[in-house]
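Notes follow once the structure below has been shown.
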Amino acid sequence: MRHLLSTRDLSRDEAIHILDVAEDMAETQTREVRKLPTLRGKTVVNLFFEDSTRTRISFEAAAKRLSADVINFSAKGSSVSKGESLKDTAQTLEEMGADAVVIRHGASGAPHTLAASGWIDAGIVNAGDGTHEHPTQALLDAFTMRRRIHGSASRGRGLDGITVAIVGDILHSRVARSNVWLLSALGARTVFVGPPTLIPLDLTGWPAETSYDLDATLTTHPDVVMMLRIQTERMNDAFFPSPHEYARRWGLDDERLARLGPDTIVMHPGPMNRGLEISSRAADSAQSTVREQVANGVSARMAVLYLLLSGERED
Ligand code: CP
């Protein structure tokens, strides 16, 4: 793998291969000594222009568990505030030895720009770009679903025949966009659910159905209900309905949780707005995979860094 920019680029076989390598990585994390020597001598740069807790820390943990050196760069407090460009920032970091650059940026397409530019030779991993994509989130989500559904028989399998309801602020969600392509490649059906103001009007070509009625969708017993964060920081006056109305009609509250089938998986990529899109009882229930998703994120990101930095690279 040369770069990981989008799940749209992944074939079914490639996606299953990454998930299988993540299984191998997860197994190593149950050992007494969790550190592998695999990426000794390599340097991973976390280049974050937007805030992050889970993604940045789990990429750091993943790189360190593979024995890579890690440089963490946050735009806040850097020379970006003096006007330094993405090109100059990336080239500065490459001169410090970066073999891979994990980039989160507020502009959709920034990782693609870096990968296509020829400014640097490092492998690029998209850790979330604007409202566009967040491919490692989708990989860890698929890994989590596969483990819950297929258990120890997960290896080599996709998510054929399952239905995933992705609920909430689809409009601003890079998680929804990366999930829909990966779920389609793995054989799953996706239904986007939310208010009309928070679902893109034109979904031509997207492998997803649309529903504006969460209660009607829940009567169809989806295998997975993935709640999304309401991204108020990306909204101006576009957020309609009110938070109270939103929670009442599209939130996974205690009453809706009680109506889910016992095997329905409740997911959220985090960070959560408890009481808005998801109740505390739903977030902390036995059906919730919120904490598993975080743990699985380290294994999924170990797999991506391993595939990017070990062995032969495609050019
Ligand atoms: N899910 C996710 O991307 O979380 P962070 O913004 O904390 O990285």
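How things are named: the first chain in the structure tokens is A, the next is B, and so on; residues count from 1 in each chain; ligands count from 1 in the order shown.
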
Give me the chain A side of the contact with ligand 1, cut-off 6 Å, one line per residue showing its nearest atom pair and distance in Å at one decimal, counting only C-alpha atoms and all ligand atoms, sorted by chain and residue number, as JSON lines.
```
{"residue": "A:Ser52", "atom": "CA", "partner": "ligand 1", "partner_atom_place_in_ligand_line": "8 (O)", "distance": 3.8}
{"residue": "A:Thr53", "atom": "CA", "partner": "ligand 1", "partner_atom_place_in_ligand_line": "7 (O)", "distance": 3.5}
{"residue": "A:Arg54", "atom": "CA", "partner": "ligand 1", "partner_atom_place_in_ligand_line": "7 (O)", "distance": 4.0}
{"residue": "A:Thr55", "atom": "CA", "partner": "ligand 1", "partner_atom_place_in_ligand_line": "8 (O)", "distance": 3.7}
{"residue": "A:Arg56", "atom": "CA", "partner": "ligand 1", "partner_atom_place_in_ligand_line": "8 (O)", "distance": 5.9}
{"residue": "A:Pro269", "atom": "CA", "partner": "ligand 1", "partner_atom_place_in_ligand_line": "1 (N)", "distance": 4.4}
{"residue": "A:Gly270", "atom": "CA", "partner": "ligand 1", "partner_atom_place_in_ligand_line": "1 (N)", "distance": 4.7}
{"residue": "A:Pro271", "atom": "CA", "partner": "ligand 1", "partner_atom_place_in_ligand_line": "4 (O)", "distance": 5.7}
```

Out of range 126-165 of chain A, which residues get strand (DSSP E or B) from DSSP, as a PDB file with N, CA and C atoms, in the first residue's frame?
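Result file is out37.pdb:
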```
ATOM      1  N   ASN A 126      -4.731   9.303   5.510  1.00  0.00           N
ATOM      2  CA  ASN A 126      -5.776  10.284   5.799  1.00  0.00           C
ATOM      3  C   ASN A 126      -6.390   9.965   7.168  1.00  0.00           C
ATOM      4  N   ALA A 127      -6.207  10.878   8.109  1.00  0.00           N
ATOM      5  CA  ALA A 127      -6.774  10.689   9.457  1.00  0.00           C
ATOM      6  C   ALA A 127      -8.009  11.571   9.648  1.00  0.00           C
ATOM      7  N   GLY A 128      -8.641  11.955   8.529  1.00  0.00           N
ATOM      8  CA  GLY A 128      -9.842  12.774   8.572  1.00  0.00           C
ATOM      9  C   GLY A 128      -9.599  14.086   7.869  1.00  0.00           C
ATOM     10  N   ASP A 129     -10.293  14.303   6.720  1.00  0.00           N
ATOM     11  CA  ASP A 129     -10.130  15.560   5.973  1.00  0.00           C
ATOM     12  C   ASP A 129     -11.487  16.216   5.766  1.00  0.00           C
ATOM     13  N   GLU A 133     -13.471  12.264   4.168  1.00  0.00           N
ATOM     14  CA  GLU A 133     -13.287  10.837   4.510  1.00  0.00           C
ATOM     15  C   GLU A 133     -12.493  10.666   5.800  1.00  0.00           C
ATOM     16  N   THR A 163     -27.343  -5.188   7.649  1.00  0.00           N
ATOM     17  CA  THR A 163     -27.835  -3.827   7.414  1.00  0.00           C
ATOM     18  C   THR A 163     -27.309  -2.903   8.500  1.00  0.00           C
ATOM     19  N   VAL A 164     -26.731  -1.785   8.066  1.00  0.00           N
ATOM     20  CA  VAL A 164     -26.167  -0.799   8.989  1.00  0.00           C
ATOM     21  C   VAL A 164     -26.948   0.506   8.817  1.00  0.00           C
ATOM     22  N   ALA A 165     -27.618   0.939   9.897  1.00  0.00           N
ATOM     23  CA  ALA A 165     -28.279   2.251   9.882  1.00  0.00           C
ATOM     24  C   ALA A 165     -27.295   3.274  10.446  1.00  0.00           C
TER      25      ALA A 165
END
```

CA of His17 in chain A to CA of His105 in chain A measures 27.2 Å

Which residues, written as a count of residues only, have at least one atom at most 9 Å from range 289-301 of chain A, with only C-alpha atoms counted and residues fewer than 5 positions away on the same chain left out? 37

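Nearest residue to Asp121 in chain A, choosing from A:Lys82, A:Arg65, A:Arg146, A:His3 and counting only C-alpha atoms: A:His3.
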
**Study point:** Polymer residues at most 10 Å from Ala98 in chain A, only C-alpha atoms, same-chain spacing of 4 or more positions, as a PyMOL selection string
**Key:** chain A and resi 42-46+69-71+90-94+120-123

Original post:
If you measure from CA of Glu245 in chain A to CA of Asp213 in chain A, what distance in Å do you get, rounded to one decimal?
Top reply: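 Computed distance, CA of Glu245 in chain A to CA of Asp213 in chain A, equals 13.2 Å.
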
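Residues in contact with Gly311 in chain A at 12 Å, where only C-alpha atoms are counted and same-chain residues fewer than 6 positions away are skipped, are listed as Met1, Arg2, Thr38, Leu39 and Leu305 of chain A.
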
DSSP on the backbone: which residues in range 56-133 of chain A end up as helix (DSSP H, G or I)? Give the answer as an mmCIF file with N, CA and C atoms, in the first residue's frame.
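Saved as part.cif:
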```cif
data_model
loop_
_atom_site.group_PDB
_atom_site.id
_atom_site.type_symbol
_atom_site.label_atom_id
_atom_site.label_comp_id
_atom_site.auth_asym_id
_atom_site.auth_seq_id
_atom_site.Cartn_x
_atom_site.Cartn_y
_atom_site.Cartn_z
ATOM 1 N N ARG A 56 -5.435 10.561 16.950
ATOM 2 C CA ARG A 56 -4.020 10.897 17.121
ATOM 3 C C ARG A 56 -3.342 9.957 18.120
ATOM 4 N N ILE A 57 -4.014 9.728 19.244
ATOM 5 C CA ILE A 57 -3.379 8.896 20.276
ATOM 6 C C ILE A 57 -3.285 7.448 19.814
ATOM 7 N N SER A 58 -4.295 6.960 19.097
ATOM 8 C CA SER A 58 -4.208 5.545 18.687
ATOM 9 C C SER A 58 -3.196 5.352 17.560
ATOM 10 N N PHE A 59 -3.001 6.361 16.687
ATOM 11 C CA PHE A 59 -1.904 6.245 15.707
ATOM 12 C C PHE A 59 -0.556 6.253 16.431
ATOM 13 N N GLU A 60 -0.445 7.069 17.470
ATOM 14 C CA GLU A 60 0.809 7.099 18.232
ATOM 15 C C GLU A 60 1.049 5.747 18.912
ATOM 16 N N ALA A 61 0.005 5.210 19.549
ATOM 17 C CA ALA A 61 0.145 3.899 20.209
ATOM 18 C C ALA A 61 0.479 2.820 19.182
ATOM 19 N N ALA A 62 -0.205 2.853 18.032
ATOM 20 C CA ALA A 62 0.016 1.837 16.990
ATOM 21 C C ALA A 62 1.459 1.874 16.497
ATOM 22 N N ALA A 63 1.961 3.082 16.218
ATOM 23 C CA ALA A 63 3.336 3.217 15.707
ATOM 24 C C ALA A 63 4.340 2.745 16.750
ATOM 25 N N LYS A 64 4.116 3.131 18.006
ATOM 26 C CA LYS A 64 5.062 2.744 19.064
ATOM 27 C C LYS A 64 5.044 1.240 19.308
ATOM 28 N N ARG A 65 3.868 0.617 19.212
ATOM 29 C CA ARG A 65 3.808 -0.838 19.419
ATOM 30 C C ARG A 65 4.472 -1.606 18.281
ATOM 31 N N SER A 79 4.467 26.899 13.481
ATOM 32 C CA SER A 79 4.666 28.030 12.564
ATOM 33 C C SER A 79 3.569 28.149 11.521
ATOM 34 N N VAL A 80 2.575 27.214 11.553
ATOM 35 C CA VAL A 80 1.390 27.382 10.699
ATOM 36 C C VAL A 80 0.695 28.691 11.060
ATOM 37 N N SER A 81 0.722 29.038 12.361
ATOM 38 C CA SER A 81 0.061 30.292 12.789
ATOM 39 C C SER A 81 0.795 31.521 12.233
ATOM 40 N N LYS A 82 2.043 31.333 11.764
ATOM 41 C CA LYS A 82 2.774 32.451 11.129
ATOM 42 C C LYS A 82 2.585 32.439 9.622
ATOM 43 N N LEU A 86 1.254 24.211 3.797
ATOM 44 C CA LEU A 86 1.249 22.753 3.962
ATOM 45 C C LEU A 86 2.502 22.155 3.338
ATOM 46 N N LYS A 87 2.882 22.676 2.156
ATOM 47 C CA LYS A 87 4.079 22.173 1.468
ATOM 48 C C LYS A 87 5.326 22.348 2.337
ATOM 49 N N ASP A 88 5.515 23.548 2.858
ATOM 50 C CA ASP A 88 6.726 23.816 3.646
ATOM 51 C C ASP A 88 6.708 23.057 4.972
ATOM 52 N N THR A 89 5.522 22.935 5.557
ATOM 53 C CA THR A 89 5.413 22.174 6.808
ATOM 54 C C THR A 89 5.776 20.719 6.548
ATOM 55 N N ALA A 90 5.202 20.123 5.488
ATOM 56 C CA ALA A 90 5.436 18.701 5.185
ATOM 57 C C ALA A 90 6.908 18.466 4.833
ATOM 58 N N GLN A 91 7.488 19.374 4.037
ATOM 59 C CA GLN A 91 8.905 19.181 3.652
ATOM 60 C C GLN A 91 9.834 19.331 4.858
ATOM 61 N N THR A 92 9.480 20.210 5.788
ATOM 62 C CA THR A 92 10.272 20.357 7.014
ATOM 63 C C THR A 92 10.254 19.044 7.803
ATOM 64 N N LEU A 93 9.054 18.456 7.897
ATOM 65 C CA LEU A 93 8.935 17.212 8.664
ATOM 66 C C LEU A 93 9.639 16.056 7.947
ATOM 67 N N GLU A 94 9.605 16.059 6.611
ATOM 68 C CA GLU A 94 10.297 14.979 5.897
ATOM 69 C C GLU A 94 11.807 15.069 6.109
ATOM 70 N N GLU A 95 12.322 16.301 6.163
ATOM 71 C CA GLU A 95 13.768 16.456 6.417
ATOM 72 C C GLU A 95 14.145 15.917 7.797
ATOM 73 N N ALA A 110 -7.085 17.610 1.492
ATOM 74 C CA ALA A 110 -5.696 17.962 1.854
ATOM 75 C C ALA A 110 -4.756 16.743 1.777
ATOM 76 N N PRO A 111 -5.143 15.557 2.280
ATOM 77 C CA PRO A 111 -4.241 14.397 2.167
ATOM 78 C C PRO A 111 -3.982 14.004 0.706
ATOM 79 N N HIS A 112 -5.020 14.134 -0.140
ATOM 80 C CA HIS A 112 -4.860 13.811 -1.566
ATOM 81 C C HIS A 112 -3.881 14.794 -2.217
ATOM 82 N N THR A 113 -3.974 16.066 -1.819
ATOM 83 C CA THR A 113 -3.053 17.084 -2.339
ATOM 84 C C THR A 113 -1.623 16.724 -1.988
ATOM 85 N N LEU A 114 -1.420 16.332 -0.727
ATOM 86 C CA LEU A 114 -0.077 15.978 -0.265
ATOM 87 C C LEU A 114 0.446 14.749 -1.010
ATOM 88 N N ALA A 115 -0.432 13.755 -1.217
ATOM 89 C CA ALA A 115 -0.008 12.515 -1.877
ATOM 90 C C ALA A 115 0.307 12.745 -3.354
ATOM 91 N N ALA A 116 -0.475 13.626 -4.002
ATOM 92 C CA ALA A 116 -0.318 13.836 -5.451
ATOM 93 C C ALA A 116 0.750 14.865 -5.788
ATOM 94 N N SER A 117 1.166 15.647 -4.791
ATOM 95 C CA SER A 117 2.004 16.817 -5.065
ATOM 96 C C SER A 117 3.431 16.486 -5.469
#
```

* To do: Using only C-alpha atoms, determine which residues lie at most 7 Å from range 195-205 of chain A, disregarding the query and same-chain residues fewer than 6 positions distant; provide the list as a VMD selection string.
  => chain A and resid 169 to 171 212 240

Restricting the output to C-alpha atoms, write the selected residues as a compact mmCIF listing (two decimals), in the first residue's frame.
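Output file out_3.txt follows:
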```txt
# COMPACT_ATOMS: atom_id res chain seq x y z
CA ASP A 169 -25.45 14.40 10.85
CA ILE A 170 -24.60 12.66 7.57
CA LEU A 171 -24.06 16.01 5.83
CA TYR A 212 -35.96 10.51 7.56
CA PHE A 240 -32.43 22.58 12.00
```

| task | Return the single residue from A:Leu252, A:Met272, A:Ile162, A:Ala107 that is closest to Thr220 in chain A, with distances computed using only C-alpha atoms. | result |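 Selected residue with least distance to Thr220 in chain A: A:Ile162.
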
The distance between CA of Arg249 in chain A and CA of Leu214 in chain A is 7.2 Å
